[in-house]
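Chemist: You'll find target.csv just under this line, and it carries CSV, C-alpha atoms.
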chain,number,residue,atom,x,y,z
A,1,MET,CA,78.4,3.3,-24.8
A,2,ASN,CA,82.2,3.0,-24.4
A,3,ASN,CA,82.8,-0.7,-24.5
A,4,GLY,CA,84.7,-3.3,-26.4
A,5,ASP,CA,86.6,-6.7,-26.4
A,6,LEU,CA,90.2,-6.8,-25.4
A,7,LEU,CA,90.7,-10.1,-27.2
A,8,ARG,CA,89.2,-9.0,-30.6
A,9,ASP,CA,91.2,-7.6,-33.5
A,10,LEU,CA,94.6,-8.9,-32.2
A,11,PRO,CA,97.4,-8.2,-34.7
A,12,ALA,CA,99.7,-11.2,-35.1
A,13,ASN,CA,102.8,-9.2,-35.6
A,14,LEU,CA,103.6,-5.7,-34.5
A,15,PRO,CA,106.7,-3.7,-35.0
A,16,GLU,CA,106.2,-2.2,-31.5
A,17,GLU,CA,103.8,-2.8,-28.6
A,18,LEU,CA,100.3,-1.5,-29.4
A,19,VAL,CA,98.8,0.8,-26.7
A,20,GLU,CA,95.2,1.9,-26.9
A,21,THR,CA,93.5,4.2,-24.4
A,22,LEU,CA,90.1,2.9,-23.3
A,23,VAL,CA,89.4,5.5,-20.6
A,24,GLU,CA,91.0,8.8,-19.7
A,25,SER,CA,89.9,11.0,-16.9
A,26,SER,CA,91.6,13.6,-14.7
A,27,THR,CA,92.7,10.9,-12.3
A,28,VAL,CA,93.0,7.6,-14.3
A,29,ARG,CA,94.0,6.2,-17.6
A,30,VAL,CA,93.1,2.7,-18.6
A,31,GLU,CA,94.9,1.1,-21.6
A,32,ARG,CA,94.9,-2.1,-23.6
A,33,ILE,CA,98.4,-3.1,-24.4
A,34,VAL,CA,99.2,-5.9,-26.9
A,35,SER,CA,102.7,-7.4,-27.0
A,36,THR,CA,103.8,-9.9,-29.6
A,37,GLY,CA,107.0,-11.2,-28.2
A,38,HIS,CA,108.2,-7.7,-27.3
A,39,ALA,CA,110.4,-6.8,-24.4
A,40,SER,CA,111.8,-3.5,-23.1
A,41,PRO,CA,115.2,-2.7,-24.5
A,42,GLU,CA,118.0,-4.0,-22.4
A,43,GLY,CA,118.9,-1.5,-19.7
A,44,PHE,CA,115.7,0.5,-20.2
A,45,TRP,CA,113.5,1.1,-17.1
A,46,TYR,CA,110.0,2.5,-16.8
A,47,ASP,CA,110.0,5.1,-14.0
A,48,GLN,CA,106.5,6.5,-13.7
A,49,ALA,CA,105.2,9.3,-11.6
A,50,ARG,CA,101.9,7.4,-10.9
A,51,PRO,CA,101.2,3.9,-9.7
A,52,GLU,CA,100.1,1.4,-12.3
A,53,LEU,CA,98.1,-1.8,-11.9
A,54,VAL,CA,98.6,-4.2,-14.8
A,55,LEU,CA,96.7,-7.4,-15.5
A,56,VAL,CA,97.5,-10.1,-18.1
A,57,VAL,CA,94.3,-11.2,-19.8
A,58,GLN,CA,95.9,-13.5,-22.4
A,59,GLY,CA,99.5,-14.7,-23.0
A,60,ARG,CA,102.4,-14.7,-20.7
A,61,ALA,CA,104.9,-12.1,-19.5
A,62,ARG,CA,107.8,-11.5,-17.2
A,63,LEU,CA,108.4,-8.3,-15.4
A,64,GLU,CA,111.7,-7.3,-13.9
A,65,PHE,CA,112.4,-4.7,-11.2
A,66,ASP,CA,115.6,-2.9,-10.7
A,67,ASP,CA,116.2,-4.5,-7.4
A,68,GLY,CA,116.5,-7.9,-9.3
A,69,GLU,CA,113.0,-9.1,-8.4
A,70,THR,CA,111.1,-10.7,-11.3
A,71,LEU,CA,107.4,-11.6,-11.6
A,72,ASP,CA,105.9,-14.1,-14.1
A,73,LEU,CA,102.3,-13.3,-15.2
A,74,ALA,CA,99.8,-15.6,-16.9
A,75,PRO,CA,96.1,-14.9,-17.6
A,76,GLY,CA,94.6,-13.5,-14.4
A,77,GLY,CA,98.0,-12.4,-13.0
A,78,TRP,CA,98.1,-8.8,-11.8
A,79,VAL,CA,100.5,-6.5,-10.0
A,80,ASP,CA,100.2,-3.0,-8.6
A,81,ILE,CA,103.5,-1.2,-9.4
A,82,ALA,CA,104.2,1.7,-7.0
A,83,ALA,CA,105.1,5.1,-8.5
A,84,HIS,CA,108.8,5.4,-9.4
A,85,ARG,CA,109.3,1.6,-8.9
A,86,ARG,CA,111.6,1.0,-11.8
A,87,HIS,CA,110.6,-1.9,-14.0
A,88,ARG,CA,110.8,-3.3,-17.4
A,89,VAL,CA,109.1,-6.0,-19.5
A,90,ALA,CA,111.8,-8.7,-19.6
A,91,TRP,CA,109.8,-11.1,-21.8
A,92,THR,CA,106.5,-11.8,-23.5
A,93,THR,CA,105.6,-15.1,-25.1
A,94,PRO,CA,106.2,-15.3,-28.9
A,95,ASP,CA,103.5,-18.0,-29.1
A,96,GLU,CA,100.4,-15.7,-29.0
A,97,PRO,CA,99.7,-12.0,-28.4
A,98,THR,CA,99.9,-11.0,-24.8
A,99,VAL,CA,97.0,-8.7,-23.9
A,100,TRP,CA,97.3,-6.4,-20.8
A,101,LEU,CA,94.9,-4.1,-19.1
A,102,ALA,CA,96.9,-1.2,-17.5
A,103,VAL,CA,95.4,1.2,-15.0
A,104,HIS,CA,97.4,4.3,-14.3
A,105,TYR,CA,96.1,6.1,-11.3
B,1,MET,CA,104.6,-6.3,-3.7
B,2,ASN,CA,100.8,-6.1,-4.0
B,3,ASN,CA,100.1,-8.8,-6.7
B,4,GLY,CA,98.0,-11.8,-7.2
B,5,ASP,CA,96.0,-14.0,-9.6
B,6,LEU,CA,92.4,-13.2,-10.3
B,7,LEU,CA,91.8,-16.8,-11.4
B,8,ARG,CA,93.2,-18.5,-8.3
B,9,ASP,CA,91.2,-19.7,-5.3
B,10,LEU,CA,87.8,-19.4,-7.0
B,11,PRO,CA,85.1,-20.6,-4.8
B,12,ALA,CA,82.6,-22.9,-6.5
B,13,ASN,CA,79.5,-21.8,-4.7
B,14,LEU,CA,78.9,-18.5,-3.0
B,15,PRO,CA,75.9,-17.3,-1.1
B,16,GLU,CA,76.5,-13.8,-2.5
B,17,GLU,CA,79.0,-12.2,-5.0
B,18,LEU,CA,82.5,-12.1,-3.6
B,19,VAL,CA,84.1,-8.6,-3.8
B,20,GLU,CA,87.8,-8.1,-2.9
B,21,THR,CA,89.6,-4.8,-3.0
B,22,LEU,CA,93.0,-5.0,-4.8
B,23,VAL,CA,93.9,-1.3,-4.8
B,24,GLU,CA,92.3,1.6,-3.0
B,25,SER,CA,93.6,5.2,-3.4
B,26,SER,CA,92.1,8.6,-3.0
B,27,THR,CA,90.9,8.5,-6.6
B,28,VAL,CA,90.4,4.9,-7.6
B,29,ARG,CA,89.3,1.5,-6.2
B,30,VAL,CA,90.1,-1.7,-8.1
B,31,GLU,CA,88.2,-4.8,-7.2
B,32,ARG,CA,88.0,-8.5,-8.1
B,33,ILE,CA,84.4,-9.7,-8.2
B,34,VAL,CA,83.4,-13.4,-8.4
B,35,SER,CA,79.9,-14.3,-9.4
B,36,THR,CA,78.7,-17.9,-9.4
B,37,GLY,CA,75.4,-17.6,-11.2
B,38,HIS,CA,74.4,-14.5,-9.3
B,39,ALA,CA,72.2,-11.7,-10.7
B,40,SER,CA,71.1,-8.5,-9.1
B,41,PRO,CA,67.6,-8.7,-7.5
B,42,GLU,CA,64.8,-8.0,-9.9
B,43,GLY,CA,64.1,-4.3,-9.9
B,44,PHE,CA,67.4,-3.4,-8.2
B,45,TRP,CA,69.6,-0.9,-10.0
B,46,TYR,CA,73.2,0.2,-9.2
B,47,ASP,CA,73.3,4.0,-9.3
B,48,GLN,CA,76.9,5.0,-8.6
B,49,ALA,CA,78.4,8.4,-8.0
B,50,ARG,CA,81.6,7.5,-9.9
B,51,PRO,CA,82.1,5.9,-13.3
B,52,GLU,CA,83.1,2.2,-13.3
B,53,LEU,CA,85.0,0.2,-15.9
B,54,VAL,CA,84.3,-3.5,-15.7
B,55,LEU,CA,86.1,-6.3,-17.5
B,56,VAL,CA,85.1,-10.0,-17.6
B,57,VAL,CA,88.2,-12.1,-17.2
B,58,GLN,CA,86.5,-15.5,-17.1
B,59,GLY,CA,82.9,-16.6,-17.5
B,60,ARG,CA,79.9,-14.9,-19.0
B,61,ALA,CA,77.6,-12.1,-17.9
B,62,ARG,CA,74.8,-9.9,-19.1
B,63,LEU,CA,74.4,-6.3,-18.0
B,64,GLU,CA,71.1,-4.5,-18.2
B,65,PHE,CA,70.6,-0.7,-18.2
B,66,ASP,CA,67.5,1.1,-17.2
B,67,ASP,CA,66.8,2.3,-20.7
B,68,GLY,CA,66.4,-1.3,-21.8
B,69,GLU,CA,69.8,-1.7,-23.3
B,70,THR,CA,71.7,-5.0,-22.6
B,71,LEU,CA,75.3,-6.0,-23.0
B,72,ASP,CA,76.7,-9.5,-23.1
B,73,LEU,CA,80.2,-9.9,-21.9
B,74,ALA,CA,82.6,-12.8,-22.4
B,75,PRO,CA,86.3,-13.0,-21.4
B,76,GLY,CA,88.0,-9.8,-22.7
B,77,GLY,CA,84.7,-7.9,-22.8
B,78,TRP,CA,84.6,-4.6,-21.0
B,79,VAL,CA,82.4,-1.5,-20.6
B,80,ASP,CA,82.9,1.9,-19.1
B,81,ILE,CA,79.7,2.7,-17.2
B,82,ALA,CA,79.1,6.4,-16.7
B,83,ALA,CA,78.4,7.8,-13.2
B,84,HIS,CA,74.7,7.5,-12.3
B,85,ARG,CA,74.0,5.3,-15.3
B,86,ARG,CA,71.6,2.8,-13.7
B,87,HIS,CA,72.5,-0.8,-14.4
B,88,ARG,CA,72.2,-4.3,-13.0
B,89,VAL,CA,73.7,-7.7,-13.5
B,90,ALA,CA,70.9,-9.5,-15.3
B,91,TRP,CA,72.7,-12.9,-15.5
B,92,THR,CA,76.0,-14.7,-15.0
B,93,THR,CA,76.7,-18.2,-16.2
B,94,PRO,CA,76.0,-21.0,-13.8
B,95,ASP,CA,78.6,-23.1,-15.6
B,96,GLU,CA,81.8,-21.6,-14.0
B,97,PRO,CA,82.7,-18.7,-11.8
B,98,THR,CA,82.5,-15.3,-13.6
B,99,VAL,CA,85.5,-13.2,-12.6
B,100,TRP,CA,85.4,-9.4,-13.1
B,101,LEU,CA,87.9,-6.7,-12.7
B,102,ALA,CA,86.1,-3.5,-11.7
B,103,VAL,CA,87.8,0.0,-11.7
B,104,HIS,CA,85.8,2.7,-9.8
B,105,TYR,CA,87.4,6.1,-10.6
Now that the file is in, can you turn its structure into structure tokens?

Modeler:
Amino acid sequence: MNNGDLLRDLPANLPEELVETLVESSTVRVERIVSTGHASPEGFWYDQARPELVLVVQGRARLEFDDGETLDLAPGGWVDIAAHRRHRVAWTTPDEPTVWLAVHY
Amino acid sequence: MNNGDLLRDLPANLPEELVETLVESSTVRVERIVSTGHASPEGFWYDQARPELVLVVQGRARLEFDDGETLDLAPGGWVDIAAHRRHRVAWTTPDEPTVWLAVHY
């Protein structure tokens, strides 16, 4: 059985964000992402061919969109990001690991 | 922007599980499910044409499979249930609402 715990085995310090694929099919990829204070490089934008739903399970984060909109996410907070909507991770809390579930579909 | 907070506006008592669709595309449906002590009826089994990944965001639950296997889930706990793997919700905590994210794909 393919199962696990998103909040187990959280590294305290990571040189880069940790991305693990939980499920991959022909139509969807589900990932756990762990950020420990990481942000996207200044001026960098994700521009993805597929929509992506992200959910914060632990921690806090701020997303920024290239039209200037920002969105603060705490546990339970989610957003469905349209394909090619340019966005970046502006901030994640340094106080604890921020754990995301990401669904690319 | 299609976004929200899975942990906001949690009803304390529900006659039945509350299921809300967050995202629906040709290939995926993402739902928030809120259980307040609900379980599947005795002898009832979900038998779904598509695989489903479920994640517990708050609360506690026990899934049961028709081969006798059980799985306890706490916040962060997830499982990818194969298509046509018969399963039921054996128990959810009566102490607080159990909030699930479900990805049918």

Chemist: Tell me which of A:Pro94, A:Gly37, A:Gly68, A:Pro51 sits closest to chain B, counting only C-alpha atoms.

Modeler: A:Pro51

Chemist: Would you tabulate, counting all atoms listed in the file, all residues of chain A that have an atom at most 10 Å from an atom of chain B, showing the closest pair of atoms and their distance in Å to one decimal, sorted by chain then ascending number, as a Markdown table?

Modeler:
| residue | atom | partner | partner_atom | distance |
| --- | --- | --- | --- | --- |
| A:Met1 | CA | B:Asp80 | CA | 7.4 |
| A:Asn2 | CA | B:Asp80 | CA | 5.5 |
| A:Asn3 | CA | B:Val79 | CA | 4.0 |
| A:Gly4 | CA | B:Trp78 | CA | 5.6 |
| A:Asp5 | CA | B:Gly77 | CA | 4.2 |
| A:Leu6 | CA | B:Gly76 | CA | 4.6 |
| A:Leu7 | CA | B:Gly76 | CA | 5.3 |
| A:Arg8 | CA | B:Gly76 | CA | 8.0 |
| A:Leu22 | CA | B:Asp80 | CA | 8.4 |
| A:Val23 | CA | B:Asp80 | CA | 7.6 |
| A:Ser25 | CA | B:Tyr105 | CA | 8.4 |
| A:Ser26 | CA | B:Tyr105 | CA | 9.5 |
| A:Thr27 | CA | B:Thr27 | CA | 6.4 |
| A:Val28 | CA | B:Tyr105 | CA | 6.9 |
| A:Arg29 | CA | B:Tyr105 | CA | 9.6 |
| A:Val30 | CA | B:Leu53 | CA | 8.9 |
| A:Pro51 | CA | B:Ser25 | CA | 10.0 |
| A:Leu53 | CA | B:Val23 | CA | 8.3 |
| A:Val54 | CA | B:Asn3 | CA | 9.4 |
| A:Leu55 | CA | B:Asp5 | CA | 8.9 |
| A:Val56 | CA | B:Asp5 | CA | 9.5 |
| A:Val57 | CA | B:Val57 | CA | 6.7 |
| A:Gln58 | CA | B:Gly76 | CA | 8.7 |
| A:Leu71 | CA | B:Asn3 | CA | 9.2 |
| A:Leu73 | CA | B:Asp5 | CA | 8.5 |
| A:Ala74 | CA | B:Asp5 | CA | 8.4 |
| A:Pro75 | CA | B:Leu7 | CA | 7.8 |
| A:Gly76 | CA | B:Leu6 | CA | 4.7 |
| A:Gly77 | CA | B:Asp5 | CA | 4.3 |
| A:Trp78 | CA | B:Asn3 | CA | 5.5 |
| A:Val79 | CA | B:Asn3 | CA | 4.0 |
| A:Asp80 | CA | B:Asn2 | CA | 5.6 |
| A:Ile81 | CA | B:Met1 | CA | 7.7 |
| A:Ala82 | CA | B:Met1 | CA | 8.7 |
| A:Val99 | CA | B:Gly76 | CA | 9.1 |
| A:Leu101 | CA | B:Leu55 | CA | 9.2 |
| A:Val103 | CA | B:Val103 | CA | 8.4 |
| A:His104 | CA | B:Val28 | CA | 9.7 |
| A:Tyr105 | CA | B:Val28 | CA | 6.9 |

Chemist: Identify which of the residues B:Val34, B:Arg50, B:Asp66, B:Glu42 lies closest to Thr93 in chain B, counting all atoms listed in the file when measuring atom-to-atom distances.

Modeler: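 Of the candidates, the smallest distance to Thr93 in chain B is held by B:Val34.
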
Chemist: Excluding Thr70 in chain B and its own-chain neighbours fewer than 5 positions away, which residues fall within 10 Å of it when counting only C-alpha atoms? Please give them as an MDAnalysis selection string.

Modeler: chainID B and resid 62:65 87:90

Chemist: CA of Leu14 in chain B and CA of Glu96 in chain B, how far apart in Å?

Modeler: 11.8 Å

Chemist: When you count all atoms listed in the file, which of these residues is closest to His84 in chain B: B:Ala49, B:Asp72, B:Arg60, B:Asn13?

Modeler: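 Selected residue with least distance to His84 in chain B: B:Ala49.
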
Chemist: Could you state the separation of CA of Ala102 in chain B and CA of Asp47 in chain A in Å, given to one decimal place?

Modeler: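 Calculated distance between CA of Ala102 in chain B and CA of Asp47 in chain A is 25.5 Å.
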
Chemist: Find the residues near Ile33 in chain A: any atom within 9 Å, counting all atoms listed in the file, skip ones fewer than 5 places away on the same chain, and give them as a short mmCIF file (atom, residue, chain, number, x, y, z; two decimals) with C-alpha atoms, in the coordinates of the input.

Modeler:
data_model
loop_
_atom_site.label_atom_id
_atom_site.label_comp_id
_atom_site.auth_asym_id
_atom_site.auth_seq_id
_atom_site.Cartn_x
_atom_site.Cartn_y
_atom_site.Cartn_z
CA GLU A 17 103.80 -2.80 -28.60
CA LEU A 18 100.30 -1.50 -29.40
CA VAL A 19 98.80 0.80 -26.70
CA GLU A 20 95.20 1.90 -26.90
CA THR A 21 93.50 4.20 -24.40
CA THR A 98 99.90 -11.00 -24.80
CA VAL A 99 97.00 -8.70 -23.90
CA TRP A 100 97.30 -6.40 -20.80
CA LEU A 101 94.90 -4.10 -19.10
CA ALA A 102 96.90 -1.20 -17.50
#

Chemist: When you draw a straight line from CA of Gly59 in chain A to CA of Ala61 in chain B, how long is it in Å?

Modeler: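 Interatomic distance, CA of Gly59 in chain A to CA of Ala61 in chain B: 22.6 Å.
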